[in-house]
>>> print(open('start08.pdb').read())   # PDB, C-alpha atoms, pLDDT in the B column
ATOM      1  CA  MET A   1       0.000   0.000   0.000  1.00 94.00           C
ATOM      2  CA  LYS A   2       1.209   3.486  -0.865  1.00 96.00           C
ATOM      3  CA  ILE A   3       0.252   6.847   0.648  1.00 97.00           C
ATOM      4  CA  ILE A   4       0.407  10.097  -1.292  1.00 98.00           C
ATOM      5  CA  GLY A   5       0.190  13.368   0.613  1.00 98.00           C
ATOM      6  CA  VAL A   6      -1.492  16.218  -1.282  1.00 98.00           C
ATOM      7  CA  THR A   7      -1.482  19.870  -0.169  1.00 97.00           C
ATOM      8  CA  PRO A   8      -4.705  21.966  -0.379  1.00 95.00           C
ATOM      9  CA  ASP A   9      -3.543  23.485  -3.676  1.00 95.00           C
ATOM     10  CA  GLY A  10      -3.283  20.012  -5.235  1.00 93.00           C
ATOM     11  CA  SER A  11       0.507  19.671  -5.118  1.00 95.00           C
ATOM     12  CA  ALA A  12       2.044  16.318  -4.193  1.00 95.00           C
ATOM     13  CA  ALA A  13       3.883  16.620  -0.873  1.00 98.00           C
ATOM     14  CA  PHE A  14       5.167  13.060  -0.565  1.00 98.00           C
ATOM     15  CA  SER A  15       4.699   9.508  -1.771  1.00 97.00           C
ATOM     16  CA  ALA A  16       5.726   6.612   0.465  1.00 98.00           C
ATOM     17  CA  PRO A  17       4.858   2.967   1.122  1.00 97.00           C
ATOM     18  CA  LEU A  18       2.984   2.140   4.309  1.00 96.00           C
ATOM     19  CA  ALA A  19       5.313  -0.364   5.939  1.00 94.00           C
ATOM     20  CA  HIS A  20       4.057  -3.259   8.023  1.00 94.00           C
ATOM     21  CA  GLY A  21       2.780  -2.013  11.373  1.00 94.00           C
ATOM     22  CA  GLN A  22       3.084   1.652  10.425  1.00 94.00           C
ATOM     23  CA  ASP A  23       0.433   4.253  11.236  1.00 95.00           C
ATOM     24  CA  PRO A  24      -0.379   6.724   8.402  1.00 96.00           C
ATOM     25  CA  GLU A  25      -0.405   9.755  10.724  1.00 96.00           C
ATOM     26  CA  VAL A  26       3.011   8.870  12.155  1.00 96.00           C
ATOM     27  CA  LEU A  27       4.378   8.262   8.652  1.00 97.00           C
ATOM     28  CA  ALA A  28       3.147  11.676   7.467  1.00 98.00           C
ATOM     29  CA  PHE A  29       4.529  13.397  10.582  1.00 97.00           C
ATOM     30  CA  ASP A  30       7.970  11.887  10.065  1.00 97.00           C
ATOM     31  CA  LEU A  31       7.898  13.272   6.516  1.00 97.00           C
ATOM     32  CA  GLY A  32       7.059  16.764   7.803  1.00 97.00           C
ATOM     33  CA  TYR A  33       3.286  16.850   7.395  1.00 98.00           C
ATOM     34  CA  ALA A  34       0.035  16.444   9.312  1.00 97.00           C
ATOM     35  CA  ILE A  35      -2.908  14.592   7.740  1.00 97.00           C
ATOM     36  CA  GLU A  36      -6.002  16.781   7.520  1.00 97.00           C
ATOM     37  CA  ARG A  37      -8.354  14.264   5.935  1.00 97.00           C
ATOM     38  CA  PRO A  38      -8.398  11.272   3.590  1.00 98.00           C
ATOM     39  CA  LEU A  39      -9.211  11.968  -0.065  1.00 98.00           C
ATOM     40  CA  ASP A  40      -9.597   8.653  -1.886  1.00 97.00           C
ATOM     41  CA  ALA A  41      -8.187   5.163  -2.361  1.00 98.00           C
ATOM     42  CA  ASN A  42      -7.693   3.502  -5.747  1.00 97.00           C
ATOM     43  CA  ARG A  43      -5.609   0.862  -7.478  1.00 96.00           C
ATOM     44  CA  GLY A  44      -2.425   2.264  -8.998  1.00 92.00           C
ATOM     45  CA  PRO A  45      -0.826   1.195 -12.306  1.00 91.00           C
ATOM     46  CA  ASP A  46       0.999  -1.616 -10.478  1.00 91.00           C
ATOM     47  CA  LEU A  47      -2.345  -2.665  -8.860  1.00 91.00           C
ATOM     48  CA  ASP A  48      -1.108  -1.587  -5.431  1.00 94.00           C
ATOM     49  CA  ILE A  49      -3.674   0.365  -3.386  1.00 97.00           C
ATOM     50  CA  VAL A  50      -2.852   4.068  -3.430  1.00 97.00           C
ATOM     51  CA  LEU A  51      -4.291   6.160  -0.615  1.00 97.00           C
ATOM     52  CA  ARG A  52      -4.364   9.933  -1.113  1.00 98.00           C
ATOM     53  CA  VAL A  53      -4.623  12.187   1.920  1.00 98.00           C
ATOM     54  CA  GLN A  54      -4.759  15.957   2.251  1.00 98.00           C
ATOM     55  CA  VAL A  55      -1.849  17.240   4.313  1.00 98.00           C
ATOM     56  CA  GLU A  56      -0.403  20.478   5.613  1.00 97.00           C
ATOM     57  CA  PRO A  57       3.175  21.223   6.704  1.00 97.00           C
ATOM     58  CA  LEU A  58       3.785  20.762  10.401  1.00 97.00           C
ATOM     59  CA  SER A  59       3.385  23.865  12.526  1.00 95.00           C
ATOM     60  CA  GLY A  60       4.277  22.833  16.040  1.00 94.00           C
ATOM     61  CA  GLN A  61       2.116  19.706  16.333  1.00 94.00           C
ATOM     62  CA  ALA A  62       3.294  16.919  18.596  1.00 95.00           C
ATOM     63  CA  ARG A  63       4.216  13.614  17.009  1.00 95.00           C
ATOM     64  CA  PRO A  64       1.152  11.324  17.035  1.00 93.00           C
ATOM     65  CA  GLU A  65       1.319   8.453  19.473  1.00 87.00           C
ATOM     66  CA  PRO A  66       1.866   5.289  17.423  1.00 78.00           C
ATOM     67  CA  ARG A  67      -0.596   2.479  18.052  1.00 76.00           C
ATOM     68  CA  LEU A  68       1.422  -0.071  20.002  1.00 71.00           C
ATOM     69  CA  ARG A  69       1.557  -3.650  18.836  1.00 76.00           C
ATOM     70  CA  GLY A  70      -0.783  -5.761  20.948  1.00 81.00           C
ATOM     71  CA  LEU A  71      -0.337  -9.351  22.038  1.00 78.00           C
ATOM     72  CA  ASP A  72      -3.150 -11.809  22.683  1.00 76.00           C
ATOM     73  CA  LYS A  73      -3.365 -12.783  26.331  1.00 75.00           C
ATOM     74  CA  GLY A  74      -1.748 -16.084  27.162  1.00 74.00           C
ATOM     75  CA  LEU A  75      -0.006 -16.394  23.809  1.00 79.00           C
ATOM     76  CA  VAL A  76       3.462 -17.958  24.071  1.00 76.00           C
ATOM     77  CA  LEU A  77       5.896 -17.054  21.305  1.00 79.00           C
ATOM     78  CA  ASP A  78       8.823 -19.286  22.299  1.00 80.00           C
ATOM     79  CA  ASN A  79      10.342 -20.765  19.111  1.00 82.00           C
ATOM     80  CA  VAL A  80       7.491 -19.305  17.027  1.00 84.00           C
ATOM     81  CA  ASP A  81       7.919 -17.007  14.036  1.00 88.00           C
ATOM     82  CA  PRO A  82       4.547 -15.319  13.477  1.00 91.00           C
ATOM     83  CA  VAL A  83       3.260 -15.060   9.922  1.00 92.00           C
ATOM     84  CA  VAL A  84       3.549 -11.389   8.906  1.00 93.00           C
ATOM     85  CA  ARG A  85       0.357 -10.144   7.277  1.00 93.00           C
ATOM     86  CA  GLN A  86      -0.912  -6.718   6.272  1.00 93.00           C
ATOM     87  CA  ARG A  87      -4.621  -6.656   5.424  1.00 93.00           C
ATOM     88  CA  VAL A  88      -6.306  -3.681   3.790  1.00 96.00           C
ATOM     89  CA  ALA A  89     -10.075  -3.718   4.217  1.00 97.00           C
ATOM     90  CA  ALA A  90     -12.899  -1.341   3.359  1.00 98.00           C
ATOM     91  CA  TYR A  91     -16.010  -0.598   5.411  1.00 98.00           C
ATOM     92  CA  ALA A  92     -19.051   1.671   5.278  1.00 98.00           C
ATOM     93  CA  VAL A  93     -20.874   3.586   8.002  1.00 98.00           C
ATOM     94  CA  VAL A  94     -24.344   3.311   6.453  1.00 98.00           C
ATOM     95  CA  VAL A  95     -27.399   5.223   7.642  1.00 97.00           C
ATOM     96  CA  SER A  96     -31.013   5.241   6.505  1.00 98.00           C
ATOM     97  CA  ASP A  97     -34.372   6.254   7.930  1.00 97.00           C
ATOM     98  CA  ARG A  98     -34.144   3.006   9.934  1.00 98.00           C
ATOM     99  CA  GLY A  99     -30.872   4.001  11.600  1.00 97.00           C
ATOM    100  CA  LEU A 100     -27.325   2.652  11.470  1.00 98.00           C
ATOM    101  CA  LEU A 101     -26.491  -0.599   9.657  1.00 98.00           C
ATOM    102  CA  ALA A 102     -24.563  -2.934  11.986  1.00 98.00           C
ATOM    103  CA  THR A 103     -23.112  -6.427  11.614  1.00 98.00           C
ATOM    104  CA  GLU A 104     -22.453  -9.023  14.315  1.00 98.00           C
ATOM    105  CA  TYR A 105     -19.189 -10.970  14.167  1.00 96.00           C
ATOM    106  CA  SER A 106     -19.399 -14.767  13.999  1.00 94.00           C
ATOM    107  CA  ASP A 107     -17.441 -17.375  15.948  1.00 89.00           C
ATOM    108  CA  ARG A 108     -14.990 -17.544  13.041  1.00 86.00           C
ATOM    109  CA  THR A 109     -13.483 -14.351  14.469  1.00 85.00           C
ATOM    110  CA  ALA A 110     -11.775 -13.482  17.741  1.00 80.00           C
ATOM    111  CA  VAL A 111     -14.610 -11.054  18.586  1.00 88.00           C
ATOM    112  CA  ALA A 112     -17.699 -13.261  18.284  1.00 92.00           C
ATOM    113  CA  GLU A 113     -20.991 -11.648  19.356  1.00 95.00           C
ATOM    114  CA  ARG A 114     -19.535  -8.151  19.124  1.00 97.00           C
ATOM    115  CA  TRP A 115     -20.714  -5.660  16.535  1.00 98.00           C
ATOM    116  CA  GLY A 116     -19.119  -3.576  13.791  1.00 97.00           C
ATOM    117  CA  MET A 117     -19.785  -2.030  10.394  1.00 98.00           C
ATOM    118  CA  PRO A 118     -20.301  -4.013   7.178  1.00 98.00           C
ATOM    119  CA  GLY A 119     -17.169  -4.471   5.110  1.00 97.00           C
ATOM    120  CA  GLY A 120     -14.115  -6.623   4.756  1.00 95.00           C
ATOM    121  CA  GLY A 121     -10.966  -7.472   2.887  1.00 95.00           C
ATOM    122  CA  ILE A 122     -10.309  -6.094  -0.579  1.00 97.00           C
ATOM    123  CA  ASP A 123      -9.809  -8.817  -3.194  1.00 94.00           C
ATOM    124  CA  ASP A 124      -6.790  -8.814  -5.503  1.00 91.00           C
ATOM    125  CA  HIS A 125      -7.274  -6.282  -8.341  1.00 92.00           C
ATOM    126  CA  GLU A 126     -10.500  -4.984  -6.697  1.00 96.00           C
ATOM    127  CA  GLU A 127     -11.064  -1.273  -6.219  1.00 97.00           C
ATOM    128  CA  PRO A 128     -11.741  -0.349  -2.567  1.00 97.00           C
ATOM    129  CA  SER A 129     -15.064   1.327  -3.414  1.00 97.00           C
ATOM    130  CA  ARG A 130     -16.285  -1.805  -5.213  1.00 97.00           C
ATOM    131  CA  ALA A 131     -15.165  -3.938  -2.276  1.00 97.00           C
ATOM    132  CA  VAL A 132     -17.384  -1.922   0.080  1.00 97.00           C
ATOM    133  CA  LEU A 133     -20.470  -2.338  -2.112  1.00 97.00           C
ATOM    134  CA  ARG A 134     -19.831  -6.076  -2.510  1.00 97.00           C
ATOM    135  CA  GLU A 135     -19.256  -6.644   1.208  1.00 97.00           C
ATOM    136  CA  VAL A 136     -22.343  -4.675   2.261  1.00 98.00           C
ATOM    137  CA  ALA A 137     -24.493  -6.702  -0.147  1.00 97.00           C
ATOM    138  CA  GLU A 138     -22.983 -10.024   1.026  1.00 97.00           C
ATOM    139  CA  GLU A 139     -23.260  -9.255   4.729  1.00 97.00           C
ATOM    140  CA  THR A 140     -26.573  -7.382   4.873  1.00 98.00           C
ATOM    141  CA  SER A 141     -28.351  -7.689   1.466  1.00 97.00           C
ATOM    142  CA  GLN A 142     -28.650  -3.880   1.348  1.00 98.00           C
ATOM    143  CA  LEU A 143     -28.019  -1.779  -1.756  1.00 96.00           C
ATOM    144  CA  ILE A 144     -26.348   1.478  -0.790  1.00 98.00           C
ATOM    145  CA  ASP A 145     -25.103   4.725  -2.264  1.00 98.00           C
ATOM    146  CA  LEU A 146     -21.454   5.097  -1.345  1.00 97.00           C
ATOM    147  CA  GLY A 147     -20.142   8.422  -0.130  1.00 97.00           C
ATOM    148  CA  GLY A 148     -16.592   9.584   0.382  1.00 96.00           C
ATOM    149  CA  LEU A 149     -13.673   8.086   2.249  1.00 98.00           C
ATOM    150  CA  ILE A 150     -13.865   9.585   5.742  1.00 97.00           C
ATOM    151  CA  LYS A 151     -11.345   7.804   7.940  1.00 96.00           C
ATOM    152  CA  ILE A 152      -8.270   5.568   7.971  1.00 95.00           C
ATOM    153  CA  GLN A 153      -7.740   3.421  11.031  1.00 93.00           C
ATOM    154  CA  THR A 154      -4.994   0.903  11.761  1.00 93.00           C
ATOM    155  CA  SER A 155      -4.306  -1.817  14.326  1.00 91.00           C
ATOM    156  CA  HIS A 156      -1.215  -3.947  14.879  1.00 91.00           C
ATOM    157  CA  TRP A 157      -1.068  -7.062  17.020  1.00 88.00           C
ATOM    158  CA  ILE A 158       0.197 -10.617  17.354  1.00 90.00           C
ATOM    159  CA  GLY A 159      -2.450 -13.266  17.842  1.00 86.00           C
ATOM    160  CA  ARG A 160      -3.969 -16.483  16.625  1.00 80.00           C
ATOM    161  CA  SER A 161      -5.964 -16.248  13.401  1.00 78.00           C
ATOM    162  CA  PRO A 162      -9.218 -18.141  12.702  1.00 72.00           C
ATOM    163  CA  ARG A 163      -6.998 -20.605  10.789  1.00 75.00           C
ATOM    164  CA  ALA A 164      -5.053 -21.223  14.050  1.00 78.00           C
ATOM    165  CA  GLU A 165      -1.911 -19.551  12.674  1.00 85.00           C
ATOM    166  CA  ILE A 166       0.005 -17.136  14.869  1.00 90.00           C
ATOM    167  CA  GLU A 167       0.106 -13.875  12.932  1.00 91.00           C
ATOM    168  CA  ASP A 168       1.907 -10.564  13.246  1.00 92.00           C
ATOM    169  CA  PHE A 169      -1.126  -8.756  11.863  1.00 92.00           C
ATOM    170  CA  HIS A 170      -1.408  -5.189  10.562  1.00 94.00           C
ATOM    171  CA  ALA A 171      -4.978  -4.135   9.799  1.00 93.00           C
ATOM    172  CA  VAL A 172      -5.583  -1.046   7.664  1.00 96.00           C
ATOM    173  CA  ARG A 173      -9.241  -0.002   7.549  1.00 96.00           C
ATOM    174  CA  LEU A 174     -10.596   2.369   4.903  1.00 98.00           C
ATOM    175  CA  ILE A 175     -13.915   3.717   6.156  1.00 98.00           C
ATOM    176  CA  TYR A 176     -16.528   5.300   3.872  1.00 98.00           C
ATOM    177  CA  ARG A 177     -19.871   6.948   4.458  1.00 97.00           C
ATOM    178  CA  GLY A 178     -22.930   5.375   2.883  1.00 98.00           C
ATOM    179  CA  THR A 179     -26.673   5.877   2.656  1.00 98.00           C
ATOM    180  CA  CYS A 180     -29.497   3.474   1.916  1.00 98.00           C
ATOM    181  CA  ALA A 181     -32.550   4.993   0.248  1.00 97.00           C
ATOM    182  CA  ALA A 182     -34.689   1.840   0.427  1.00 97.00           C
ATOM    183  CA  PRO A 183     -33.665  -0.145   3.520  1.00 98.00           C
ATOM    184  CA  THR A 184     -35.020  -3.672   3.964  1.00 98.00           C
ATOM    185  CA  GLU A 185     -34.683  -6.244   6.718  1.00 98.00           C
ATOM    186  CA  PRO A 186     -30.970  -7.191   6.660  1.00 98.00           C
ATOM    187  CA  VAL A 187     -30.100 -10.753   5.644  1.00 97.00           C
ATOM    188  CA  VAL A 188     -26.619 -12.316   5.701  1.00 97.00           C
ATOM    189  CA  VAL A 189     -26.087 -13.743   2.214  1.00 94.00           C
ATOM    190  CA  ASP A 190     -22.518 -15.003   2.698  1.00 86.00           C
ATOM    191  CA  HIS A 191     -23.154 -17.901   5.091  1.00 84.00           C
ATOM    192  CA  GLY A 192     -20.273 -19.459   7.018  1.00 83.00           C
ATOM    193  CA  GLY A 193     -18.209 -16.278   6.972  1.00 88.00           C
ATOM    194  CA  THR A 194     -17.256 -13.727   9.601  1.00 91.00           C
ATOM    195  CA  THR A 195     -20.739 -12.188   9.853  1.00 96.00           C
ATOM    196  CA  GLU A 196     -23.329 -13.879  12.078  1.00 96.00           C
ATOM    197  CA  SER A 197     -26.191 -11.407  11.700  1.00 97.00           C
ATOM    198  CA  ALA A 198     -27.041  -7.856  10.681  1.00 98.00           C
ATOM    199  CA  ARG A 199     -29.560  -5.274  11.808  1.00 98.00           C
ATOM    200  CA  TRP A 200     -30.585  -1.648  11.628  1.00 98.00           C
ATOM    201  CA  VAL A 201     -29.948   0.179  14.903  1.00 98.00           C
ATOM    202  CA  PRO A 202     -31.815   3.419  15.703  1.00 97.00           C
ATOM    203  CA  LEU A 203     -29.241   6.201  15.854  1.00 95.00           C
ATOM    204  CA  THR A 204     -30.382   7.111  19.348  1.00 94.00           C
ATOM    205  CA  GLU A 205     -29.579   3.561  20.513  1.00 95.00           C
ATOM    206  CA  TRP A 206     -26.295   2.743  18.818  1.00 96.00           C
ATOM    207  CA  ARG A 207     -24.308   2.937  22.055  1.00 95.00           C
ATOM    208  CA  GLN A 208     -26.368   0.083  23.511  1.00 95.00           C
ATOM    209  CA  LEU A 209     -24.722  -2.533  21.279  1.00 96.00           C
ATOM    210  CA  ARG A 210     -21.587  -4.409  22.306  1.00 97.00           C
ATOM    211  CA  TRP A 211     -19.158  -3.029  19.715  1.00 97.00           C
ATOM    212  CA  THR A 212     -15.546  -4.029  19.232  1.00 94.00           C
ATOM    213  CA  ILE A 213     -13.162  -1.577  20.844  1.00 91.00           C
ATOM    214  CA  ASN A 214     -12.074  -0.207  17.458  1.00 89.00           C
ATOM    215  CA  TRP A 215     -15.622   0.361  16.207  1.00 95.00           C
ATOM    216  CA  GLN A 216     -16.773   1.940  19.448  1.00 95.00           C
ATOM    217  CA  GLN A 217     -13.944   4.446  19.122  1.00 92.00           C
ATOM    218  CA  ILE A 218     -14.569   5.104  15.430  1.00 93.00           C
ATOM    219  CA  LEU A 219     -18.333   5.564  15.803  1.00 96.00           C
ATOM    220  CA  GLY A 220     -17.805   7.846  18.776  1.00 94.00           C
ATOM    221  CA  GLU A 221     -15.764  10.099  16.480  1.00 92.00           C
ATOM    222  CA  LEU A 222     -18.060   9.924  13.436  1.00 92.00           C
ATOM    223  CA  LEU A 223     -21.521  10.076  14.948  1.00 89.00           C
ATOM    224  CA  THR A 224     -22.520  13.382  16.514  1.00 65.00           C
ATOM    225  CA  PRO A 225     -23.739  13.413  20.144  1.00 51.00           C
ATOM    226  CA  GLY A 226     -27.247  14.066  18.932  1.00 46.00           C
ATOM    227  CA  ASP A 227     -27.371  11.011  16.673  1.00 46.00           C
TER     228      ASP A 227
END
>>> encode(input="start08.pdb", output="structure tokens")
Amino acid sequence: MKIIGVTPDGSAAFSAPLAHGQDPEVLAFDLGYAIERPLDANRGPDLDIVLRVQVEPLSGQARPEPRLRGLDKGLVLDNVDPVVRQRVAAYAVVVSDRGLLATEYSDRTAVAERWGMPGGGIDDHEEPSRAVLREVAEETSQLIDLGGLIKIQTSHWIGRSPRAEIEDFHAVRLIYRGTCAAPTEPVVVDHGGTTESARWVPLTEWRQLRWTINWQQILGELLTPGD
């Protein structure tokens, strides 16, 4: 994955790969810039995902705190070389007149019975925006209108994957806004995957669900107090 920093006048400030475990805001800071907002994410000529962000030169900001690498409790790494994996996934925060579209994680994940937003891994050669539409349809059966890219969020940890491998895992999440003009009762189409169920949650009640830590933080930033 590559990140391109663009100044408000459209000039390219920097272009750099996002190394394994690296946080985009820390990367930009170390290159002399602060990220103002994400712009878009597309496949480049070499089919690598290229993330463009709007940046401004640093003006006294403190270096962002890097997200520390976590370690699953009780995991013993003696004589174990974790599989290094960077996964770029795309998600949508979808709202309609029925509320917020939420998905429940299945027991094929490490966060079974917790809730998040519809989305998932981007297939080889797939554009991130197409991945979001596909994942939303597979996990909830909803047809949505996709808005802009609104947030980039990363996590880095060592743990056991659903395939029982020990992974040094770097998750990069591209988060879009979405709307659904004709919401229906959500149905999980992709059976046997990471999604157990889906539902619309009234915006006044979203805090009542048992979200993953990452999604609770993200939604707290994206949804206004009055939602």
>>> atom_distance(input="start08.pdb", atom1="CA of Asp23 in chain A", atom2="CA of Arg134 in chain A")
26.6 Å
>>> residues_around(input="start08.pdb", residues="Ala131 in chain A", least_positions_apart="2", cutoff="12 Å", atoms="all atoms listed in the file", output="NGL selection string")
:A and (41-43 or 88-92 or 118-129 or 133-139 or 146 or 174-176)
>>> residues_around(input="start08.pdb", residues="Ser106 in chain A", least_positions_apart="2", cutoff="6 Å", atoms="all atoms listed in the file", output="list of chain:residue names")
A:Arg108, A:Thr109, A:Ala112, A:Thr194, A:Thr195, A:Glu196
>>> residues_around(input="start08.pdb", residues="Glu36 in chain A", least_positions_apart="2", cutoff="7 Å", atoms="all atoms listed in the file", output="list in words")
Ala34, Gln54, Val55 and Glu56 of chain A
>>> resolve_selection(input="start08.pdb", expression="the PyMOL selection byres ((chain A and resi 64-74) around 12)", output="PDB file with C-alpha atoms, in the coordinates of the input")
ATOM      1  CA  HIS A  20       4.057  -3.259   8.023  1.00 94.00           C
ATOM      2  CA  GLY A  21       2.780  -2.013  11.373  1.00 94.00           C
ATOM      3  CA  GLN A  22       3.084   1.652  10.425  1.00 94.00           C
ATOM      4  CA  ASP A  23       0.433   4.253  11.236  1.00 95.00           C
ATOM      5  CA  PRO A  24      -0.379   6.724   8.402  1.00 96.00           C
ATOM      6  CA  GLU A  25      -0.405   9.755  10.724  1.00 96.00           C
ATOM      7  CA  VAL A  26       3.011   8.870  12.155  1.00 96.00           C
ATOM      8  CA  LEU A  27       4.378   8.262   8.652  1.00 97.00           C
ATOM      9  CA  ALA A  28       3.147  11.676   7.467  1.00 98.00           C
ATOM     10  CA  PHE A  29       4.529  13.397  10.582  1.00 97.00           C
ATOM     11  CA  ASP A  30       7.970  11.887  10.065  1.00 97.00           C
ATOM     12  CA  TYR A  33       3.286  16.850   7.395  1.00 98.00           C
ATOM     13  CA  ALA A  34       0.035  16.444   9.312  1.00 97.00           C
ATOM     14  CA  ILE A  35      -2.908  14.592   7.740  1.00 97.00           C
ATOM     15  CA  LEU A  58       3.785  20.762  10.401  1.00 97.00           C
ATOM     16  CA  GLY A  60       4.277  22.833  16.040  1.00 94.00           C
ATOM     17  CA  GLN A  61       2.116  19.706  16.333  1.00 94.00           C
ATOM     18  CA  ALA A  62       3.294  16.919  18.596  1.00 95.00           C
ATOM     19  CA  ARG A  63       4.216  13.614  17.009  1.00 95.00           C
ATOM     20  CA  LEU A  75      -0.006 -16.394  23.809  1.00 79.00           C
ATOM     21  CA  VAL A  76       3.462 -17.958  24.071  1.00 76.00           C
ATOM     22  CA  LEU A  77       5.896 -17.054  21.305  1.00 79.00           C
ATOM     23  CA  PRO A  82       4.547 -15.319  13.477  1.00 91.00           C
ATOM     24  CA  ALA A 110     -11.775 -13.482  17.741  1.00 80.00           C
ATOM     25  CA  GLN A 153      -7.740   3.421  11.031  1.00 93.00           C
ATOM     26  CA  THR A 154      -4.994   0.903  11.761  1.00 93.00           C
ATOM     27  CA  SER A 155      -4.306  -1.817  14.326  1.00 91.00           C
ATOM     28  CA  HIS A 156      -1.215  -3.947  14.879  1.00 91.00           C
ATOM     29  CA  TRP A 157      -1.068  -7.062  17.020  1.00 88.00           C
ATOM     30  CA  ILE A 158       0.197 -10.617  17.354  1.00 90.00           C
ATOM     31  CA  GLY A 159      -2.450 -13.266  17.842  1.00 86.00           C
ATOM     32  CA  ARG A 160      -3.969 -16.483  16.625  1.00 80.00           C
ATOM     33  CA  SER A 161      -5.964 -16.248  13.401  1.00 78.00           C
ATOM     34  CA  ILE A 166       0.005 -17.136  14.869  1.00 90.00           C
ATOM     35  CA  GLU A 167       0.106 -13.875  12.932  1.00 91.00           C
ATOM     36  CA  ASP A 168       1.907 -10.564  13.246  1.00 92.00           C
ATOM     37  CA  PHE A 169      -1.126  -8.756  11.863  1.00 92.00           C
ATOM     38  CA  HIS A 170      -1.408  -5.189  10.562  1.00 94.00           C
ATOM     39  CA  ALA A 171      -4.978  -4.135   9.799  1.00 93.00           C
ATOM     40  CA  ASN A 214     -12.074  -0.207  17.458  1.00 89.00           C
TER      41      ASN A 214
END
>>> atom_distance(input="start08.pdb", atom1="CA of Asp9 in chain A", atom2="CA of Glu221 in chain A")
27.1 Å
>>> closest_residue(input="start08.pdb", among="A:Arg177, A:Arg114, A:Arg98, A:Lys151", to="Leu203 in chain A", atoms="all atoms listed in the file")
A:Arg98
>>> closest_residue(input="start08.pdb", among="A:Gly147, A:Val84, A:Glu113, A:Gly193", to="Asp40 in chain A", atoms="all atoms listed in the file")
A:Gly147
>>> residues_around(input="start08.pdb", residues="Ile213 in chain A", least_positions_apart="6", cutoff="10 Å", atoms="all atoms listed in the file", output="MDAnalysis selection string")
chainID A and resid 111 114:116
>>> resolve_selection(input="start08.pdb", expression="the PyMOL selection byres ((chain A and resi 6) around 9)", output="ChimeraX atom specification")
/A:4-5,7-14,39,52-56
>>> resolve_selection(input="start08.pdb", expression="the PyMOL selection byres ((chain A and resi 201) around 9)", output="mmCIF file with C-alpha atoms, in the frame of the given file")
data_model
loop_
_atom_site.group_PDB
_atom_site.id
_atom_site.type_symbol
_atom_site.label_atom_id
_atom_site.label_comp_id
_atom_site.auth_asym_id
_atom_site.auth_seq_id
_atom_site.Cartn_x
_atom_site.Cartn_y
_atom_site.Cartn_z
ATOM 1 C CA ARG A 98 -34.144 3.006 9.934
ATOM 2 C CA GLY A 99 -30.872 4.001 11.600
ATOM 3 C CA LEU A 100 -27.325 2.652 11.470
ATOM 4 C CA LEU A 101 -26.491 -0.599 9.657
ATOM 5 C CA ALA A 102 -24.563 -2.934 11.986
ATOM 6 C CA ARG A 199 -29.560 -5.274 11.808
ATOM 7 C CA TRP A 200 -30.585 -1.648 11.628
ATOM 8 C CA PRO A 202 -31.815 3.419 15.703
ATOM 9 C CA LEU A 203 -29.241 6.201 15.854
ATOM 10 C CA THR A 204 -30.382 7.111 19.348
ATOM 11 C CA GLU A 205 -29.579 3.561 20.513
ATOM 12 C CA TRP A 206 -26.295 2.743 18.818
ATOM 13 C CA LEU A 209 -24.722 -2.533 21.279
#
>>> closest_residue(input="start08.pdb", among="A:Ile218, A:Met117, A:Val94, A:Ala164", to="Thr179 in chain A", atoms="only C-alpha atoms")
A:Val94
>>> atom_distance(input="start08.pdb", atom1="CA of Arg173 in chain A", atom2="CA of Ile152 in chain A")
5.7 Å
>>> decode(input="start08.pdb", residues="range 23-33 of chain A", atoms="N, CA and C atoms", output="PDB file, in the first residue's frame")
ATOM      1  N   ASP A  23       1.639   3.443  11.170  1.00  0.00           N
ATOM      2  CA  ASP A  23       0.433   4.253  11.236  1.00  0.00           C
ATOM      3  C   ASP A  23       0.560   5.406  10.239  1.00  0.00           C
ATOM      4  N   PRO A  24      -0.473   5.660   9.407  1.00  0.00           N
ATOM      5  CA  PRO A  24      -0.379   6.724   8.402  1.00  0.00           C
ATOM      6  C   PRO A  24      -0.065   8.092   8.986  1.00  0.00           C
ATOM      7  N   GLU A  25      -0.640   8.429  10.156  1.00  0.00           N
ATOM      8  CA  GLU A  25      -0.405   9.755  10.724  1.00  0.00           C
ATOM      9  C   GLU A  25       1.043   9.906  11.194  1.00  0.00           C
ATOM     10  N   VAL A  26       1.609   8.830  11.731  1.00  0.00           N
ATOM     11  CA  VAL A  26       3.011   8.870  12.155  1.00  0.00           C
ATOM     12  C   VAL A  26       3.920   8.956  10.939  1.00  0.00           C
ATOM     13  N   LEU A  27       3.604   8.197   9.890  1.00  0.00           N
ATOM     14  CA  LEU A  27       4.378   8.262   8.652  1.00  0.00           C
ATOM     15  C   LEU A  27       4.393   9.684   8.102  1.00  0.00           C
ATOM     16  N   ALA A  28       3.216  10.312   8.004  1.00  0.00           N
ATOM     17  CA  ALA A  28       3.147  11.676   7.467  1.00  0.00           C
ATOM     18  C   ALA A  28       3.932  12.645   8.347  1.00  0.00           C
ATOM     19  N   PHE A  29       3.809  12.507   9.664  1.00  0.00           N
ATOM     20  CA  PHE A  29       4.529  13.397  10.582  1.00  0.00           C
ATOM     21  C   PHE A  29       6.034  13.289  10.363  1.00  0.00           C
ATOM     22  N   ASP A  30       6.531  12.078  10.236  1.00  0.00           N
ATOM     23  CA  ASP A  30       7.970  11.887  10.065  1.00  0.00           C
ATOM     24  C   ASP A  30       8.469  12.426   8.730  1.00  0.00           C
ATOM     25  N   LEU A  31       7.543  12.668   7.802  1.00  0.00           N
ATOM     26  CA  LEU A  31       7.898  13.272   6.516  1.00  0.00           C
ATOM     27  C   LEU A  31       7.646  14.781   6.516  1.00  0.00           C
ATOM     28  N   GLY A  32       7.220  15.318   7.670  1.00  0.00           N
ATOM     29  CA  GLY A  32       7.059  16.764   7.803  1.00  0.00           C
ATOM     30  C   GLY A  32       5.663  17.293   7.599  1.00  0.00           C
ATOM     31  N   TYR A  33       4.653  16.415   7.674  1.00  0.00           N
ATOM     32  CA  TYR A  33       3.286  16.850   7.395  1.00  0.00           C
ATOM     33  C   TYR A  33       2.304  16.275   8.410  1.00  0.00           C
TER      34      TYR A  33
END
